[in-house]
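Pasting protein-v2.cif here (mmCIF, C-alpha atoms):
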```cif
data_structure
#
loop_
_atom_site.label_atom_id
_atom_site.label_comp_id
_atom_site.auth_asym_id
_atom_site.auth_seq_id
_atom_site.Cartn_x
_atom_site.Cartn_y
_atom_site.Cartn_z
CA MET D 1 -22.74 2.90 -25.50
CA SER D 2 -19.72 1.15 -23.99
CA ARG D 3 -17.79 3.12 -21.42
CA SER D 4 -14.01 3.22 -21.51
CA ALA D 5 -11.42 3.25 -18.73
CA VAL D 6 -7.64 3.51 -18.63
CA LEU D 7 -5.85 2.16 -15.57
CA CYS D 8 -2.29 3.27 -14.82
CA SER D 9 0.01 1.40 -12.47
CA MET D 10 3.66 1.64 -11.63
CA PRO D 11 5.38 -1.72 -12.24
CA ALA D 12 5.33 -3.56 -8.90
CA THR D 13 3.21 -6.45 -7.64
CA GLY D 14 1.64 -4.44 -4.81
CA HIS D 15 0.51 -1.84 -7.33
CA VAL D 16 -0.58 -3.95 -10.28
CA GLY D 17 -2.44 -6.53 -8.18
CA PRO D 18 -5.09 -4.23 -6.67
CA LEU D 19 -5.62 -2.35 -9.93
CA SER D 20 -6.04 -5.64 -11.80
CA VAL D 21 -8.92 -6.46 -9.43
CA VAL D 22 -10.52 -3.12 -10.34
CA ALA D 23 -9.93 -3.80 -14.03
CA GLY D 24 -11.64 -7.18 -13.71
CA GLU D 25 -14.76 -5.67 -12.15
CA LEU D 26 -14.96 -2.98 -14.84
CA VAL D 27 -14.63 -5.66 -17.54
CA ARG D 28 -17.39 -7.71 -15.90
CA ARG D 29 -19.67 -4.69 -16.19
CA GLY D 30 -19.01 -4.28 -19.89
CA TRP D 31 -16.42 -1.53 -19.79
CA ARG D 32 -13.67 -1.23 -22.38
CA VAL D 33 -10.53 -1.36 -20.22
CA ARG D 34 -6.89 -0.68 -21.07
CA MET D 35 -4.13 -0.93 -18.47
CA LEU D 36 -0.77 0.81 -18.71
CA THR D 37 2.02 -0.76 -16.64
CA GLY D 38 5.36 -2.55 -16.81
CA ALA D 39 6.19 -5.17 -19.41
CA GLY D 40 6.56 -7.87 -16.77
CA TYR D 41 2.90 -7.65 -15.78
CA GLU D 42 1.21 -8.49 -19.07
CA ALA D 43 -0.07 -11.84 -17.78
CA PRO D 44 -2.05 -10.57 -14.73
CA VAL D 45 -3.41 -7.66 -16.73
CA ARG D 46 -4.70 -9.90 -19.51
CA ALA D 47 -6.05 -12.35 -16.93
CA SER D 48 -8.27 -9.54 -15.65
CA GLY D 49 -9.77 -9.15 -19.12
CA ALA D 50 -8.13 -5.78 -19.73
CA GLU D 51 -6.01 -4.86 -22.73
CA PHE D 52 -2.34 -4.59 -21.82
CA VAL D 53 -0.26 -1.54 -22.80
CA ALA D 54 3.42 -1.50 -21.86
CA LEU D 55 5.09 1.48 -20.26
CA PRO D 56 8.09 2.82 -22.15
CA ALA D 57 11.39 1.46 -20.86
CA GLU D 58 12.26 4.82 -19.25
CA ALA D 59 9.20 4.49 -17.00
CA ASP D 60 9.42 0.73 -16.40
CA THR D 61 11.94 1.03 -13.59
CA LEU D 62 10.25 0.50 -10.21
CA ASP D 63 10.87 -3.25 -9.94
CA SER D 64 14.57 -2.85 -10.63
CA ILE D 65 14.84 -0.01 -8.11
CA GLY D 66 13.00 -2.07 -5.50
CA ALA D 67 15.37 -4.98 -6.00
CA GLY D 68 18.40 -2.80 -5.28
CA GLU D 69 19.68 -1.31 -2.05
CA ARG D 70 16.82 0.40 -0.27
CA THR D 71 16.97 3.91 1.09
CA ARG D 72 15.84 4.71 4.62
CA GLY D 73 14.90 7.81 6.59
CA LEU D 74 14.74 11.15 4.75
CA ALA D 75 16.66 9.61 1.84
CA THR D 76 13.62 7.41 1.21
CA ILE D 77 11.69 10.56 0.34
CA ASN D 78 14.30 12.86 -1.18
CA HIS D 79 16.22 10.35 -3.27
CA GLY D 80 13.83 7.40 -3.22
CA VAL D 81 10.69 9.23 -4.33
CA GLU D 82 12.59 11.23 -6.94
CA GLN D 83 14.24 8.14 -8.41
CA ALA D 84 11.29 5.77 -8.20
CA PHE D 85 8.34 8.02 -9.04
CA VAL D 86 9.27 11.52 -10.24
CA ALA D 87 11.93 10.48 -12.77
CA PRO D 88 9.61 8.04 -14.63
CA ALA D 89 6.65 10.46 -14.54
CA ALA D 90 7.36 12.31 -17.79
CA PRO D 91 7.66 9.24 -20.06
CA ALA D 92 4.72 7.61 -18.22
CA GLY D 93 2.63 10.75 -18.77
CA GLN D 94 3.54 10.82 -22.45
CA ALA D 95 2.43 7.20 -22.81
CA LEU D 96 -0.88 8.01 -21.10
CA GLU D 97 -1.46 11.03 -23.34
CA GLN D 98 -0.77 8.90 -26.43
CA MET D 99 -3.28 6.28 -25.29
CA LEU D 100 -5.95 8.94 -24.83
CA ALA D 101 -5.10 10.52 -28.20
CA ASP D 102 -5.46 7.13 -29.88
CA GLU D 103 -8.75 6.45 -28.11
CA PRO D 104 -10.44 8.74 -25.55
CA ALA D 105 -11.55 7.34 -22.18
CA ASP D 106 -14.30 8.29 -19.75
CA VAL D 107 -12.10 7.79 -16.68
CA VAL D 108 -8.45 7.30 -15.77
CA LEU D 109 -7.72 5.33 -12.61
CA HIS D 110 -4.15 5.58 -11.35
CA ASP D 111 -2.22 4.25 -8.42
CA MET D 112 -1.01 6.88 -5.97
CA THR D 113 2.58 6.70 -7.23
CA PHE D 114 1.76 7.08 -10.94
CA LEU D 115 2.67 10.75 -11.20
CA GLY D 116 2.38 10.73 -14.99
CA VAL D 117 -1.35 11.37 -14.49
CA GLN D 118 -0.47 14.96 -13.55
CA THR D 119 -0.24 15.78 -17.25
CA LEU D 120 -4.05 15.60 -17.34
CA PHE D 121 -4.36 18.46 -14.85
CA SER D 122 -2.77 20.86 -17.30
CA ARG D 123 -6.23 21.39 -18.78
CA PRO D 124 -9.68 22.22 -17.39
CA ARG D 125 -11.93 19.51 -15.97
CA ASP D 126 -14.28 19.56 -18.95
CA GLN D 127 -11.35 18.88 -21.27
CA ARG D 128 -10.03 15.74 -19.57
CA PRO D 129 -11.41 12.40 -18.39
CA ALA D 130 -12.57 11.89 -14.84
CA THR D 131 -9.69 10.80 -12.62
CA VAL D 132 -9.62 8.35 -9.71
CA LEU D 133 -6.67 7.97 -7.37
CA CYS D 134 -6.23 4.41 -6.11
CA GLY D 135 -4.70 4.41 -2.64
CA ILE D 136 -2.57 1.26 -2.68
CA GLY D 137 -0.60 2.48 0.35
CA PRO D 138 -1.08 4.63 3.45
CA ALA D 139 -2.84 7.94 2.77
CA GLY D 140 -0.39 10.83 2.63
CA PHE D 141 -2.67 13.86 2.46
CA SER D 142 -1.35 16.60 4.74
CA SER D 143 -3.56 17.54 7.66
CA VAL D 144 -3.54 19.59 10.83
CA ASP D 145 -4.10 16.25 12.56
CA THR D 146 -1.15 14.29 11.12
CA ALA D 147 2.61 14.64 10.85
CA PRO D 148 4.11 14.89 7.34
CA TYR D 149 4.10 11.64 5.39
CA GLY D 150 7.34 9.72 5.62
CA LEU D 151 8.33 10.65 9.15
CA GLY D 152 6.61 7.64 10.71
CA LEU D 153 4.98 9.57 13.54
CA VAL D 154 1.55 8.67 14.94
CA PRO D 155 -0.85 11.47 15.93
CA TRP D 156 -0.77 12.49 19.57
CA ARG D 157 -3.97 11.97 21.51
CA ARG D 158 -4.26 15.57 22.75
CA THR D 159 -5.49 17.77 19.90
CA VAL D 160 -3.76 21.07 20.63
CA PRO D 161 -0.22 19.73 21.24
CA ASN D 162 -0.65 17.38 18.28
CA ARG D 163 -1.56 20.20 15.90
CA LEU D 164 1.25 22.44 17.19
CA ARG D 165 3.75 19.63 16.63
CA ASN D 166 2.43 18.93 13.15
CA ARG D 167 2.52 22.59 12.12
CA LEU D 168 6.19 22.81 13.12
CA LEU D 169 7.01 19.55 11.36
CA TYR D 170 5.42 20.68 8.08
CA ARG D 171 7.48 23.87 8.16
CA THR D 172 10.63 21.91 8.83
CA SER D 173 9.84 19.22 6.27
CA ARG D 174 9.61 21.71 3.42
CA VAL D 175 13.23 22.60 4.17
CA VAL D 176 14.72 19.13 4.69
CA LEU D 177 12.64 17.69 1.85
CA ARG D 178 13.42 20.53 -0.52
CA PRO D 179 15.01 18.23 -3.15
CA VAL D 180 11.87 16.19 -3.77
CA HIS D 181 9.66 19.29 -3.74
CA ARG D 182 11.89 20.98 -6.33
CA SER D 183 12.04 17.87 -8.48
CA LEU D 184 8.26 17.48 -8.47
CA ASP D 185 7.72 21.18 -9.20
CA ARG D 186 10.06 20.95 -12.20
CA PHE D 187 8.09 18.03 -13.59
CA LEU D 188 4.75 19.79 -13.03
CA ALA D 189 6.02 22.89 -14.82
CA ASP D 190 7.29 20.81 -17.73
CA VAL D 191 3.84 19.26 -18.31
CA GLY D 192 1.95 22.51 -17.69
CA ALA D 193 0.21 21.26 -14.54
CA PRO D 194 -0.32 23.49 -11.49
CA GLY D 195 2.72 23.66 -9.23
CA LEU D 196 2.82 22.79 -5.55
CA ASP D 197 2.67 26.47 -4.60
CA GLY D 198 4.10 25.74 -1.16
CA ALA D 199 2.00 22.63 -0.52
CA PHE D 200 3.52 19.40 0.82
CA PHE D 201 4.60 17.12 -2.02
CA MET D 202 2.02 14.41 -1.21
CA ASP D 203 -0.83 16.88 -1.68
CA VAL D 204 -0.37 16.63 -5.43
CA LEU D 205 -2.43 13.44 -5.03
CA ASP D 206 -5.67 15.17 -4.00
CA ARG D 207 -6.22 16.63 -7.48
CA SER D 208 -8.14 13.61 -8.69
CA ASP D 209 -11.92 13.67 -8.67
CA LEU D 210 -12.26 10.60 -6.45
CA LEU D 211 -9.66 9.59 -3.86
CA ALA D 212 -10.22 5.87 -3.33
CA GLN D 213 -8.31 4.53 -0.34
CA PHE D 214 -7.90 0.75 -0.34
CA THR D 215 -8.32 0.35 3.40
CA VAL D 216 -10.89 1.08 6.11
CA PRO D 217 -11.01 4.12 8.42
CA GLU D 218 -10.04 1.91 11.35
CA PHE D 219 -6.58 1.49 9.77
CA GLU D 220 -5.98 5.10 8.80
CA TYR D 221 -5.44 8.35 10.68
CA ALA D 222 -8.53 10.47 11.19
CA ARG D 223 -8.29 13.84 9.42
CA SER D 224 -10.77 16.56 10.35
CA ASP D 225 -9.75 18.37 7.15
CA ALA D 226 -9.72 15.34 4.85
CA PRO D 227 -10.11 16.08 1.11
CA ALA D 228 -13.76 16.12 0.08
CA GLY D 229 -13.28 13.32 -2.44
CA LEU D 230 -11.74 10.83 -0.01
CA ARG D 231 -13.56 7.49 0.29
CA PHE D 232 -12.62 4.17 1.92
CA TYR D 233 -13.36 0.91 0.12
CA GLY D 234 -11.25 -1.68 1.93
CA PRO D 235 -8.66 -3.83 0.15
CA MET D 236 -9.28 -4.88 -3.43
CA VAL D 237 -9.95 -8.61 -3.08
CA PRO D 238 -10.28 -10.72 -6.23
CA PRO D 239 -13.24 -13.09 -6.59
CA ALA D 240 -12.57 -16.48 -5.04
CA ALA D 241 -12.49 -18.10 -8.48
CA GLU D 242 -9.57 -15.84 -9.48
CA VAL D 243 -7.36 -16.44 -6.45
CA ALA D 244 -4.16 -18.21 -7.43
CA ASP D 245 -4.30 -21.90 -6.60
CA VAL D 246 -1.18 -22.46 -4.48
CA ALA D 247 -0.51 -26.03 -3.45
CA THR D 248 -0.65 -26.85 0.24
CA PRO D 249 2.76 -28.12 1.38
CA ALA D 250 2.96 -31.58 2.88
CA TRP D 251 4.17 -30.19 6.20
CA PHE D 252 0.77 -28.55 6.82
CA ASP D 253 -0.34 -31.94 8.14
CA ASP D 254 2.61 -31.94 10.55
CA LEU D 255 1.64 -28.70 12.28
CA ASP D 256 0.58 -29.13 15.90
CA PRO D 257 -2.82 -27.45 16.43
CA HIS D 258 -1.99 -27.03 20.14
CA LEU D 259 1.07 -24.84 19.49
CA PRO D 260 0.93 -21.21 18.30
CA LEU D 261 1.83 -20.67 14.66
CA VAL D 262 3.93 -17.63 13.75
CA HIS D 263 4.15 -16.70 10.09
CA VAL D 264 7.12 -14.59 8.94
CA THR D 265 7.54 -13.03 5.51
CA GLN D 266 9.43 -10.23 3.79
CA GLY D 267 6.92 -10.06 0.94
CA THR D 268 7.68 -10.26 -2.76
CA VAL D 269 9.90 -7.16 -3.16
CA ALA D 270 12.20 -6.73 -0.15
CA ASN D 271 13.09 -10.42 -0.11
CA THR D 272 16.68 -10.40 -1.28
CA ASP D 273 18.24 -10.31 2.19
CA PHE D 274 16.56 -12.66 4.62
CA THR D 275 18.81 -11.56 7.47
CA GLU D 276 16.59 -8.48 7.79
CA VAL D 277 13.43 -9.99 9.33
CA VAL D 278 13.22 -13.73 8.62
CA GLY D 279 16.59 -14.54 10.14
CA PRO D 280 16.04 -12.73 13.46
CA THR D 281 12.57 -14.27 13.77
CA VAL D 282 13.81 -17.80 13.16
CA GLU D 283 16.60 -17.29 15.70
CA ALA D 284 14.32 -15.69 18.28
CA LEU D 285 11.75 -18.49 18.19
CA ALA D 286 14.07 -21.49 17.79
CA ASP D 287 13.68 -22.60 21.40
CA ARG D 288 10.12 -21.41 21.99
CA ASP D 289 6.99 -23.53 22.13
CA VAL D 290 5.80 -22.16 18.80
CA GLN D 291 5.87 -23.18 15.15
CA VAL D 292 7.25 -20.86 12.46
CA ALA D 293 6.01 -20.82 8.86
CA VAL D 294 8.34 -18.97 6.47
CA THR D 295 7.55 -17.88 2.93
CA THR D 296 10.27 -16.61 0.61
CA GLY D 297 7.91 -14.53 -1.54
CA GLY D 298 8.46 -16.51 -4.71
CA ARG D 299 12.19 -17.01 -4.34
CA PRO D 300 13.49 -20.60 -4.09
CA THR D 301 13.62 -21.88 -0.54
CA SER D 302 17.35 -22.40 -1.01
CA ALA D 303 17.64 -18.63 -0.67
CA LEU D 304 17.40 -19.25 3.08
CA ASP D 305 20.60 -21.30 3.08
CA ASP D 306 22.59 -18.24 4.15
CA LEU D 307 20.77 -18.42 7.49
CA GLY D 308 22.38 -21.76 8.24
CA PRO D 309 20.57 -24.90 9.42
CA LEU D 310 16.97 -24.09 10.30
CA PRO D 311 15.52 -25.15 13.68
CA ALA D 312 13.14 -28.10 13.81
CA ASN D 313 10.14 -25.85 14.49
CA VAL D 314 10.57 -23.93 11.20
CA PHE D 315 8.59 -24.85 8.07
CA VAL D 316 9.41 -23.27 4.71
CA ALA D 317 7.74 -22.73 1.34
CA SER D 318 8.21 -20.39 -1.59
CA TYR D 319 4.49 -19.56 -1.57
CA LEU D 320 1.69 -20.72 0.72
CA PRO D 321 -2.12 -20.81 0.33
CA TYR D 322 -2.61 -17.63 2.29
CA ASP D 323 -6.21 -17.96 3.36
CA GLU D 324 -5.58 -21.44 4.70
CA LEU D 325 -2.33 -20.35 6.34
CA LEU D 326 -3.73 -17.23 8.01
CA ALA D 327 -6.74 -19.13 9.32
CA ARG D 328 -4.21 -21.07 11.43
CA THR D 329 -1.81 -18.21 12.22
CA ASP D 330 -1.53 -16.61 15.66
CA VAL D 331 1.01 -13.87 14.83
CA LEU D 332 2.32 -12.39 11.58
CA VAL D 333 5.90 -11.06 11.58
CA THR D 334 6.41 -8.88 8.52
CA ASN D 335 8.28 -5.94 7.03
CA GLY D 336 4.95 -4.31 6.31
CA GLY D 337 3.59 -4.64 2.78
CA TYR D 338 0.21 -2.90 2.64
CA GLY D 339 -1.61 -5.77 0.95
CA GLY D 340 -0.17 -8.41 3.26
CA LEU D 341 -1.17 -6.45 6.35
CA HIS D 342 -4.77 -6.24 5.16
CA HIS D 343 -4.79 -9.93 4.30
CA ALA D 344 -3.73 -10.70 7.88
CA MET D 345 -6.29 -8.36 9.43
CA ARG D 346 -9.05 -9.88 7.30
CA HIS D 347 -8.33 -13.05 9.26
CA GLY D 348 -7.98 -11.25 12.60
CA VAL D 349 -4.26 -12.00 12.83
CA PRO D 350 -2.22 -9.60 15.03
CA ILE D 351 1.08 -8.28 13.70
CA VAL D 352 4.69 -7.68 14.64
CA ILE D 353 6.03 -5.25 12.06
CA ALA D 354 9.64 -4.39 11.23
CA GLY D 355 9.86 -2.00 8.27
CA ASP D 356 11.64 1.28 7.67
CA SER D 357 12.08 1.56 3.89
CA GLU D 358 9.77 2.61 1.04
CA ASP D 359 6.31 3.27 2.53
CA LYS D 360 6.86 0.78 5.33
CA VAL D 361 7.72 3.42 7.91
CA GLU D 362 4.12 4.60 7.42
CA THR D 363 2.49 1.15 7.34
CA SER D 364 4.34 0.40 10.58
CA THR D 365 2.85 3.39 12.34
CA ARG D 366 -0.63 2.48 11.10
CA VAL D 367 -0.23 -0.93 12.78
CA GLN D 368 0.81 0.82 15.98
CA HIS D 369 -1.94 3.44 15.83
CA ALA D 370 -4.69 0.92 15.06
CA GLY D 371 -3.59 -1.28 17.96
CA VAL D 372 -3.38 -4.41 15.80
CA GLY D 373 0.23 -5.16 16.65
CA ILE D 374 3.67 -4.01 17.75
CA ASN D 375 5.91 -1.69 15.76
CA LEU D 376 9.60 -2.58 16.14
CA ARG D 377 10.60 0.75 14.51
CA THR D 378 13.39 -0.77 12.43
CA GLY D 379 13.89 -2.86 9.33
CA ARG D 380 16.59 -4.92 11.00
CA PRO D 381 15.30 -6.01 14.40
CA THR D 382 17.38 -8.05 16.82
CA PRO D 383 16.25 -11.58 17.67
CA ALA D 384 15.64 -10.41 21.24
CA ALA D 385 13.30 -7.63 20.06
CA VAL D 386 11.34 -10.00 17.82
CA GLY D 387 11.08 -12.59 20.58
CA ARG D 388 9.76 -10.07 23.11
CA ALA D 389 7.22 -8.69 20.64
CA VAL D 390 5.91 -12.10 19.59
CA ARG D 391 5.55 -13.16 23.22
CA ALA D 392 3.76 -9.89 24.07
CA VAL D 393 1.28 -10.35 21.22
CA LEU D 394 0.63 -13.97 22.18
CA ASP D 395 0.18 -13.07 25.86
CA ASP D 396 -1.98 -9.96 25.38
CA GLY D 397 -5.24 -10.79 23.61
CA ALA D 398 -5.94 -7.09 22.97
CA TYR D 399 -3.91 -7.16 19.76
CA ALA D 400 -5.86 -10.09 18.34
CA ARG D 401 -9.17 -8.54 19.41
CA ARG D 402 -8.31 -5.29 17.67
CA ALA D 403 -7.13 -7.12 14.55
CA HIS D 404 -10.44 -8.96 14.54
CA GLU D 405 -12.33 -5.65 14.81
CA VAL D 406 -10.46 -4.24 11.83
CA GLY D 407 -11.10 -7.51 10.00
CA VAL D 408 -14.82 -7.10 10.61
CA ALA D 409 -14.63 -3.57 9.19
CA ILE D 410 -12.84 -4.91 6.12
CA ALA D 411 -15.51 -7.57 5.66
CA ARG D 412 -18.18 -4.87 5.79
CA SER D 413 -16.40 -2.54 3.36
CA SER D 414 -17.80 -2.15 -0.12
CA GLY D 415 -14.63 -3.32 -1.84
CA VAL D 416 -14.19 -3.32 -5.59
CA VAL D 417 -17.96 -3.44 -6.20
CA GLY D 418 -18.48 -0.23 -4.23
CA LEU D 419 -15.55 1.45 -5.93
CA VAL D 420 -16.80 0.68 -9.42
CA ASP D 421 -20.31 1.77 -8.39
CA ASP D 422 -18.83 5.15 -7.49
CA VAL D 423 -16.70 5.30 -10.62
CA GLU D 424 -19.82 4.78 -12.72
CA ALA D 425 -21.64 7.45 -10.73
CA LEU D 426 -18.69 9.81 -11.21
CA VAL D 427 -18.70 9.28 -14.94
CA LEU D 428 -22.43 9.96 -14.98
CA GLN D 429 -21.71 13.14 -12.98
CA GLN D 430 -23.71 11.92 -10.05
CA VAL D 431 -22.70 12.39 -6.41
CA PRO D 432 -22.17 8.92 -4.90
CA HIS D 433 -22.06 10.11 -1.30
CA PRO D 434 -22.86 13.26 0.67
CA PRO D 435 -19.86 15.53 1.34
CA LEU D 436 -17.62 14.48 4.18
CA THR D 437 -18.29 16.20 7.49
CA LYS D 438 -15.68 17.09 10.08
CA GLU D 439 -16.60 13.93 11.95
CA SER D 440 -16.06 11.75 8.89
#
```
Give the structure from this file in structure tokens form.
Amino acid sequence: MSRSAVLCSMPATGHVGPLSVVAGELVRRGWRVRMLTGAGYEAPVRASGAEFVALPAEADTLDSIGAGERTRGLATINHGVEQAFVAPAAPAGQALEQMLADEPADVVLHDMTFLGVQTLFSRPRDQRPATVLCGIGPAGFSSVDTAPYGLGLVPWRRTVPNRLRNRLLYRTSRVVLRPVHRSLDRFLADVGAPGLDGAFFMDVLDRSDLLAQFTVPEFEYARSDAPAGLRFYGPMVPPAAEVADVATPAWFDDLDPHLPLVHVTQGTVANTDFTEVVGPTVEALADRDVQVAVTTGGRPTSALDDLGPLPANVFVASYLPYDELLARTDVLVTNGGYGGLHHAMRHGVPIVIAGDSEDKVETSTRVQHAGVGINLRTGRPTPAAVGRAVRAVLDDGAYARRAHEVGVAIARSSGVVGLVDDVEALVLQQVPHPPLTKES
């Protein structure tokens, strides 16, 4: 009998991409797969072999929000989370319920921001499909060992002071983040799901049966009280045959193999204002003995015209063949997209990160904590700050060594094959792994 899965993704490239890889592996194993996401992502969904189902317009909003002015600090959580994820949750949940009413499924896999899945938790486990959370960004589960998600604070090394600090911060955060907690509780009550009951808002995510984090433990905070269902699979990497064939620019042949290559990008979402990260990097490195490769994340290269004439050591393309580029890259300067960071670490490339919006305040601290690069602690660094950080990374081989170590861990991770193995075991009501211990 064919098994059936529904995948749910908020409409953004960094969300749809990893879930499409999962969809492709399920299809290869003979699953019936439907994927619910934004109308603009029909092509990649169908390319995975899954059936495409469009979100209603009221829930198809994340791309447009991401293209607007970005919130920072506490507003990223209070206003940003409410606008981007809580507001679309009700219509997204209704669409999911309609799909399951039309045709039941054995499992629902959802990205961590697809809050519409909470409608399923209004009924007992034996009256709903199995659920799998797909961690397409930094894990946000509260813990005695970590500060509240969104504050961008790394754990302290000494256990007792760290836990005392975190306890105080969680108490404070429930006050200053009261708007998002109230908004989420209202939504949960409306769909009949259990309320937060005093829990931190991110802990709504640990209700799924399997918590699949798309990274490796080396790039995440250790939690002695981690949820029992938490597993690490590494990034979801598509088969080589399915990787987009991006043409190699002619200037690749002009690169000097004896000079360091610095790659700078603002990704495919936060790429409307190149004065944030690209501009300061270009200015900082103009007179250095380095080469700078810039990608505009799909925008025309003319979008860089506002930066003025580019120095002779700068090479530009809308897209670049990433595996070939990163094999030659010495430092990545980025605003911190989760997928891009993992792509760099797969190649052992150390990182200078400048991000303070969306989830980037948390990806930045993971870079810092893992020792794979330097966190500039801002989304608008000065050229001087970028220049110092790039020079420090080039001069201190520890960053590259640590990036290589994380890359080795990624190469050894089970990836999409391991995830789907565990999904199949979950559906068969088998236990894929022993329970996590405190040391896990």
How far is it from CA of Gln266 in chain D to CA of Asn335 in chain D, in Å with one decimal?
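That distance, rounded to one decimal, is 5.5 Å.
Running the PyMOL selection byres ((chain D and resi 418-430) around 8) on this file leaves Val22, Glu25, Leu26, Asp106, Val107, Ala130, Val132, Ala212, Tyr233, Ser414, Gly415, Val416, Val417, Val431 and Pro432 of chain D selected.
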Just C-alpha atoms for this one: save the residues we selected as a PDB file, in the frame of the given file.
```pdb
ATOM      1  CA  VAL D  22     -10.520  -3.120 -10.340  1.00  0.00           C
ATOM      2  CA  GLU D  25     -14.760  -5.670 -12.150  1.00  0.00           C
ATOM      3  CA  LEU D  26     -14.960  -2.980 -14.840  1.00  0.00           C
ATOM      4  CA  ASP D 106     -14.300   8.290 -19.750  1.00  0.00           C
ATOM      5  CA  VAL D 107     -12.100   7.790 -16.680  1.00  0.00           C
ATOM      6  CA  ALA D 130     -12.570  11.890 -14.840  1.00  0.00           C
ATOM      7  CA  VAL D 132      -9.620   8.350  -9.710  1.00  0.00           C
ATOM      8  CA  ALA D 212     -10.220   5.870  -3.330  1.00  0.00           C
ATOM      9  CA  TYR D 233     -13.360   0.910   0.120  1.00  0.00           C
ATOM     10  CA  SER D 414     -17.800  -2.150  -0.120  1.00  0.00           C
ATOM     11  CA  GLY D 415     -14.630  -3.320  -1.840  1.00  0.00           C
ATOM     12  CA  VAL D 416     -14.190  -3.320  -5.590  1.00  0.00           C
ATOM     13  CA  VAL D 417     -17.960  -3.440  -6.200  1.00  0.00           C
ATOM     14  CA  VAL D 431     -22.700  12.390  -6.410  1.00  0.00           C
ATOM     15  CA  PRO D 432     -22.170   8.920  -4.900  1.00  0.00           C
TER      16      PRO D 432
END
```
Taking the file as shown, find all residues satisfying the PyMOL selection byres ((chain D and resi 260) around 6) and write them as an MDAnalysis selection string.
chainID D and resid 259 261 290 330
Evaluate the PyMOL selection byres ((chain D and resi 378-382) around 6) here and jot the selected residues down as a PyMOL selection string.
chain D and resi 276+280+354-356+376-377+383-385
Those residues you just picked out, can you put them in a file as a compact mmCIF listing (two decimals), keeping the file's coordinate frame with C-alpha atoms?
```
# COMPACT_ATOMS: atom_id res chain seq x y z
CA GLU D 276 16.59 -8.48 7.79
CA PRO D 280 16.04 -12.73 13.46
CA ALA D 354 9.64 -4.39 11.23
CA GLY D 355 9.86 -2.00 8.27
CA ASP D 356 11.64 1.28 7.67
CA LEU D 376 9.60 -2.58 16.14
CA ARG D 377 10.60 0.75 14.51
CA PRO D 383 16.25 -11.58 17.67
CA ALA D 384 15.64 -10.41 21.24
CA ALA D 385 13.30 -7.63 20.06
```
Counting all atoms listed in the file, closest pick from D:Thr334, D:Val33, D:Arg165, D:Gly80 relative to Val45 in chain D is D:Val33
Please return, as a list in words, all polymer residues that have at least one atom within 7 Å of the point (-9.5, -11.2, -13.5); use only C-alpha atoms and the file's own coordinate frame.
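The answer, in the requested form, is Ser20, Val21, Gly24, Ala47, Ser48, Gly49 and Glu242 of chain D.
Reported to one decimal place, the separation of CA of Arg207 in chain D from CA of Arg231 in chain D is 14.1 Å.
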Set the distance at 12 Å and use all atoms listed in the file: which residues neighbour range 406-412 of chain D once local chain neighbours fewer than 4 positions away are removed? I'd like the list as number ranges by chain.
D: 214-220, 232-237, 341-350, 366-367, 370-373, 399-402, 416, 418
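Near Val316 in chain D, within 6 Å and counting only C-alpha atoms, sit Ala293, Val294 and Thr295 of chain D, not including residues fewer than 5 positions from it in the same chain.
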Every residue with an atom at most 9 Å from (-6.5, 17.6, -15.6) (file coordinates; all atoms listed in the file) is what I'm after, so could you write them as number ranges by chain?
D: 117-131, 193, 207-208
Can those selected residues be exported to a file as a short mmCIF file (atom, residue, chain, number, x, y, z; two decimals), keeping the file's coordinate frame so that it contains C-alpha atoms?
```cif
data_model
loop_
_atom_site.label_atom_id
_atom_site.label_comp_id
_atom_site.auth_asym_id
_atom_site.auth_seq_id
_atom_site.Cartn_x
_atom_site.Cartn_y
_atom_site.Cartn_z
CA VAL D 117 -1.35 11.37 -14.49
CA GLN D 118 -0.47 14.96 -13.55
CA THR D 119 -0.24 15.78 -17.25
CA LEU D 120 -4.05 15.60 -17.34
CA PHE D 121 -4.36 18.46 -14.85
CA SER D 122 -2.77 20.86 -17.30
CA ARG D 123 -6.23 21.39 -18.78
CA PRO D 124 -9.68 22.22 -17.39
CA ARG D 125 -11.93 19.51 -15.97
CA ASP D 126 -14.28 19.56 -18.95
CA GLN D 127 -11.35 18.88 -21.27
CA ARG D 128 -10.03 15.74 -19.57
CA PRO D 129 -11.41 12.40 -18.39
CA ALA D 130 -12.57 11.89 -14.84
CA THR D 131 -9.69 10.80 -12.62
CA ALA D 193 0.21 21.26 -14.54
CA ARG D 207 -6.22 16.63 -7.48
CA SER D 208 -8.14 13.61 -8.69
#
```
Give me the residues within 12 Å of Ala250 in chain D as number ranges by chain, counting only C-alpha atoms and dropping any in the same chain fewer than 5 places off.
D: 255, 315-317, 320
Counting all atoms listed in the file, which residue out of D:Gly93, D:Gly152, D:Gly140, D:Pro249 sits closest to Gly192 in chain D?
D:Gly93
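Shortest separation to Ser224 in chain D among D:Met202, D:Ala54, D:Leu109, D:Val144 occurs at residue D:Val144, atoms counted being only C-alpha atoms.
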Just give me the gap between CA of Glu362 in chain D and CA of Arg223 in chain D in Å, one decimal is fine.
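Distance reported for this atom pair: 15.6 Å.
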Smallest atom-to-atom distance to Thr281 in chain D: which of D:His258, D:Gly387, D:Asn162, D:Gly340, using only C-alpha atoms?
D:Gly387
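Among the candidates D:Asn313, D:Ser64, D:Ser173, D:Ser9, the residue lying nearest to Val108 in chain D is D:Ser9 (atoms considered: only C-alpha atoms).
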Of the candidates D:Glu58, D:Asp203, D:Glu324, D:Glu97, which shows the shortest atom-to-atom distance to Pro148 in chain D, using all atoms listed in the file?
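Ranked by minimum distance to Pro148 in chain D, first place goes to D:Asp203.
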